[in-house]
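Peer 1: Before anything else, here's the structure in question.
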Amino acid sequence: MRAIENRIYRFCREHPRFGIPNLMNVIVVGTAIVYLLDMFSGYMASNLIGFSSYAIFHGQIWRLLTFVFEPLSARPLNFVLSLYFYWWIGSSLEREWGTPYFNCFYLMGVVLNIIFGLVAGYASATYLNLSMFFAFAVLYPDMQVLLFFIIPIKIKWLAWVDAALFGGSILLNLLHLNIVGALLPVVAILNFFLFFWGTISDAANYRKQRFQHQHAKQTVDFKKAAKTAYQQKGYIHKCAVCGKTDTEFPDMEFRYCSKCSGYYCYCMEHINNHEHIQ
């Protein structure tokens, strides 16, 4: 997957004009128009643009693209909030990535849904839009938003809620033997992994190395020795020149000189300004 991610990045770098600028504006406006048409036509507009492999194979090829404009909810408040939320996330991703890369991300998700839909008979952009939130959470994990316009909460915690919704949807559909419904979230997650596999694998390797370092015998022995020294002397580091300790000056950095014969510690004022002890 890392090779695919690198190829997509290279393609976007070599084709800076690729894609539709402000893509989410197009999707939001198109979805809003379909929603209004549904209100006056008894959802006939959604029935004409929704994904259906049977209809596509019988000549209605516009459904290969128009299904992304199908409204996510019939309730006005839910529709407006979800549309604003996805517009905000998509626009932020495009500003961060640039138009070519964001278009590739969304287009790849559409293509995966089309392939799945032609085989399974049905596809939807709902989980594709939800997967954008995972991408947003990776880029801005500590950004705060107001949940219900009142409660401040970090994006990374909302991403875990989003992941739980994905998992719950998969499990619920499996319990009802709805294989198509269970695989739709998986397709969206696959698209996310195609673009973030390198980031995820690097983070996993970092956590693994950090865990190994924290539990290594050398690290454990050092922590024990530092704790014992603090209990006996009241400090861990003490400058061999001026006598400053990390207890008296907690913001001071201390270093050990490799040229001195022995284990001598110095504060930052004297690490490069002392006579080496031989």
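Every chain in the structure tokens has a letter given in the order shown (A, B, ...), and although residue numbers restart at 1 in each chain, ligands are simply numbered from 1 in the order shown.
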Kindly provide the residues of range 123-186 of chain A that approach range 93-117 of chain A to within 9 Å, each paired with its closest atom pair and their distance in Å to one decimal, based on only C-alpha atoms, listed by chain and increasing number, as a tab-separated table.

Peer 2:
```
residue	atom	partner	partner_atom	distance
A:Ala123	CA	A:Gly117	CA	4.6
A:Ser124	CA	A:Asn113	CA	7.0
A:Ala125	CA	A:Val110	CA	7.3
A:Leu128	CA	A:Gly109	CA	6.2
A:Asn129	CA	A:Tyr106	CA	8.6
A:Met132	CA	A:Leu93	CA	8.3
A:Ala135	CA	A:Leu93	CA	7.9
A:Phe136	CA	A:Leu93	CA	6.7
A:Leu139	CA	A:Leu93	CA	8.5
A:Val180	CA	A:Gly117	CA	8.9
A:Leu183	CA	A:Phe116	CA	8.8
A:Leu184	CA	A:Asn113	CA	7.8
```

Peer 1: Restricting the output to N, CA and C atoms, write the selected residues as an mmCIF file, in the first residue's frame.

Peer 2:
```cif
data_model
loop_
_atom_site.group_PDB
_atom_site.id
_atom_site.type_symbol
_atom_site.label_atom_id
_atom_site.label_comp_id
_atom_site.auth_asym_id
_atom_site.auth_seq_id
_atom_site.Cartn_x
_atom_site.Cartn_y
_atom_site.Cartn_z
ATOM 1 N N ALA A 123 -24.270 0.562 -4.093
ATOM 2 C CA ALA A 123 -23.165 1.332 -3.518
ATOM 3 C C ALA A 123 -23.717 2.641 -2.978
ATOM 4 N N SER A 124 -22.951 3.279 -2.103
ATOM 5 C CA SER A 124 -23.374 4.536 -1.505
ATOM 6 C C SER A 124 -22.136 5.334 -1.122
ATOM 7 N N ALA A 125 -22.268 6.659 -1.178
ATOM 8 C CA ALA A 125 -21.155 7.531 -0.804
ATOM 9 C C ALA A 125 -21.173 7.880 0.678
ATOM 10 N N LEU A 128 -18.023 6.790 2.399
ATOM 11 C CA LEU A 128 -16.903 7.541 1.829
ATOM 12 C C LEU A 128 -16.793 8.904 2.495
ATOM 13 N N ASN A 129 -17.930 9.569 2.669
ATOM 14 C CA ASN A 129 -17.922 10.868 3.344
ATOM 15 C C ASN A 129 -17.507 10.726 4.809
ATOM 16 N N MET A 132 -13.733 10.481 5.326
ATOM 17 C CA MET A 132 -12.976 11.728 5.287
ATOM 18 C C MET A 132 -12.661 12.212 6.693
ATOM 19 N N ALA A 135 -9.412 10.817 7.904
ATOM 20 C CA ALA A 135 -8.288 11.565 7.339
ATOM 21 C C ALA A 135 -8.095 12.885 8.076
ATOM 22 N N PHE A 136 -9.193 13.562 8.367
ATOM 23 C CA PHE A 136 -9.133 14.840 9.076
ATOM 24 C C PHE A 136 -8.562 14.645 10.474
ATOM 25 N N LEU A 139 -4.781 14.293 10.490
ATOM 26 C CA LEU A 139 -4.080 15.559 10.247
ATOM 27 C C LEU A 139 -4.235 16.542 11.408
ATOM 28 N N VAL A 180 -23.732 -7.164 1.864
ATOM 29 C CA VAL A 180 -23.467 -5.934 1.114
ATOM 30 C C VAL A 180 -23.341 -4.755 2.061
ATOM 31 N N LEU A 183 -20.049 -4.838 3.984
ATOM 32 C CA LEU A 183 -18.830 -4.566 3.220
ATOM 33 C C LEU A 183 -18.692 -3.114 2.793
ATOM 34 N N LEU A 184 -19.792 -2.365 2.745
ATOM 35 C CA LEU A 184 -19.716 -0.958 2.339
ATOM 36 C C LEU A 184 -18.764 -0.147 3.229
#
```

Peer 1: Could you tell me how far CA of Ile61 in chain A lies from CA of Thr31 in chain A, in Å and to one decimal?

Peer 2: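 It comes out at 18.6 Å.
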
Peer 1: Using DSSP on the backbone coordinates, identify the residues of range 31-181 of chain A assigned to helix (DSSP H, G or I); present them as number ranges by chain.

Peer 2: A: 31-41, 44-49, 53-57, 63-69, 76-97, 99-120, 126-139, 155-175, 179-181

Peer 1: Among range 99-265 of chain A, which residues does DSSP mark as strand (DSSP E) when it is run on the backbone? Keep the chain and numbering as in the structure and answer as a PyMOL selection string.

Peer 2: chain A and resi 144-147+151-154+254-256+265

Peer 1: What is the CA of Leu171 in chain A to CA of Phe134 in chain A distance in Å?

Peer 2: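 CA of Phe134 in chain A lies at a distance of 19.4 Å from CA of Leu171 in chain A.
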
Peer 1: Find the residues near range 78-92 of chain A: any atom within 8 Å, counting only C-alpha atoms, skip ones fewer than 3 places away on the same chain, and give them as a JSON list (two decimals) with N, CA and C atoms, in the first residue's frame.

Peer 2:
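So result-v3.json came out as:
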```json
[["chain", "number", "residue", "atom", "x", "y", "z"],
["A", 22, "ASN", "N", -12.24, 23.14, -5.33],
["A", 22, "ASN", "CA", -13.39, 23.25, -4.43],
["A", 22, "ASN", "C", -14.41, 22.14, -4.71],
["A", 23, "LEU", "N", -13.91, 20.92, -4.77],
["A", 23, "LEU", "CA", -14.76, 19.78, -5.11],
["A", 23, "LEU", "C", -15.94, 19.63, -4.16],
["A", 24, "MET", "N", -15.72, 19.87, -2.87],
["A", 24, "MET", "CA", -16.81, 19.70, -1.91],
["A", 24, "MET", "C", -17.92, 20.71, -2.13],
["A", 25, "ASN", "N", -17.59, 21.89, -2.66],
["A", 25, "ASN", "CA", -18.64, 22.85, -2.99],
["A", 25, "ASN", "C", -19.57, 22.29, -4.05],
["A", 28, "VAL", "N", -21.68, 19.48, -2.40],
["A", 28, "VAL", "CA", -22.68, 20.03, -1.48],
["A", 28, "VAL", "C", -23.82, 20.68, -2.25],
["A", 71, "PRO", "N", -28.82, 12.45, -1.20],
["A", 71, "PRO", "CA", -28.84, 13.02, 0.16],
["A", 71, "PRO", "C", -28.59, 11.97, 1.22],
["A", 72, "LEU", "N", -27.87, 12.37, 2.27],
["A", 72, "LEU", "CA", -27.50, 11.45, 3.33],
["A", 72, "LEU", "C", -28.62, 11.24, 4.34],
["A", 73, "SER", "N", -29.54, 12.18, 4.41],
["A", 73, "SER", "CA", -30.64, 12.08, 5.37],
["A", 73, "SER", "C", -31.86, 12.80, 4.83],
["A", 74, "ALA", "N", -33.03, 12.31, 5.20],
["A", 74, "ALA", "CA", -34.28, 12.95, 4.76],
["A", 74, "ALA", "C", -34.74, 14.03, 5.74],
["A", 75, "ARG", "N", -34.22, 14.00, 6.97],
["A", 75, "ARG", "CA", -34.62, 14.98, 7.97],
["A", 75, "ARG", "C", -33.88, 16.29, 7.72],
["A", 95, "ARG", "N", -7.48, 22.17, 1.39],
["A", 95, "ARG", "CA", -6.52, 23.22, 1.69],
["A", 95, "ARG", "C", -5.20, 22.64, 2.18],
["A", 96, "GLU", "N", -5.28, 21.55, 2.95],
["A", 96, "GLU", "CA", -4.07, 20.93, 3.49],
["A", 96, "GLU", "C", -3.30, 20.16, 2.42],
["A", 129, "ASN", "N", -17.93, 9.57, 2.67],
["A", 129, "ASN", "CA", -17.92, 10.87, 3.34],
["A", 129, "ASN", "C", -17.51, 10.73, 4.81],
["A", 130, "LEU", "N", -17.95, 9.66, 5.45],
["A", 130, "LEU", "CA", -17.56, 9.43, 6.84],
["A", 130, "LEU", "C", -16.06, 9.15, 6.95],
["A", 132, "MET", "N", -13.73, 10.48, 5.33],
["A", 132, "MET", "CA", -12.98, 11.73, 5.29],
["A", 132, "MET", "C", -12.66, 12.21, 6.69],
["A", 133, "PHE", "N", -13.53, 11.87, 7.64],
["A", 133, "PHE", "CA", -13.31, 12.30, 9.01],
["A", 133, "PHE", "C", -12.09, 11.63, 9.60],
["A", 136, "PHE", "N", -9.19, 13.56, 8.37],
["A", 136, "PHE", "CA", -9.13, 14.84, 9.08],
["A", 136, "PHE", "C", -8.56, 14.65, 10.47]]
```

Peer 1: Using only C-alpha atoms, which residue out of A:Lys208, A:His15, A:Arg63, A:Lys224 lies closest to Leu48 in chain A?

Peer 2: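 Using only C-alpha atoms, Leu48 in chain A sits closest to A:Arg63.
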
Peer 1: So which residues touch Thr66 in chain A within 9 Å, counting only C-alpha atoms, skipping near sequence neighbours fewer than 5 positions away, as a PyMOL selection string?

Peer 2: chain A and resi 48-51

Peer 1: Got time to write the residues from that selection, N, CA and C atoms, as a compact mmCIF listing (two decimals), in the first residue's frame?

Peer 2:
```
# COMPACT_ATOMS: atom_id res chain seq x y z
N LEU A 48 -33.74 8.34 -9.22
CA LEU A 48 -33.17 8.41 -10.57
C LEU A 48 -31.65 8.46 -10.59
N ILE A 49 -31.04 8.91 -9.48
CA ILE A 49 -29.58 9.07 -9.49
C ILE A 49 -28.88 8.05 -8.61
N GLY A 50 -29.61 7.32 -7.75
CA GLY A 50 -28.99 6.36 -6.85
C GLY A 50 -28.32 5.22 -7.59
N PHE A 51 -27.34 4.60 -6.93
CA PHE A 51 -26.59 3.52 -7.58
C PHE A 51 -27.45 2.27 -7.67
```
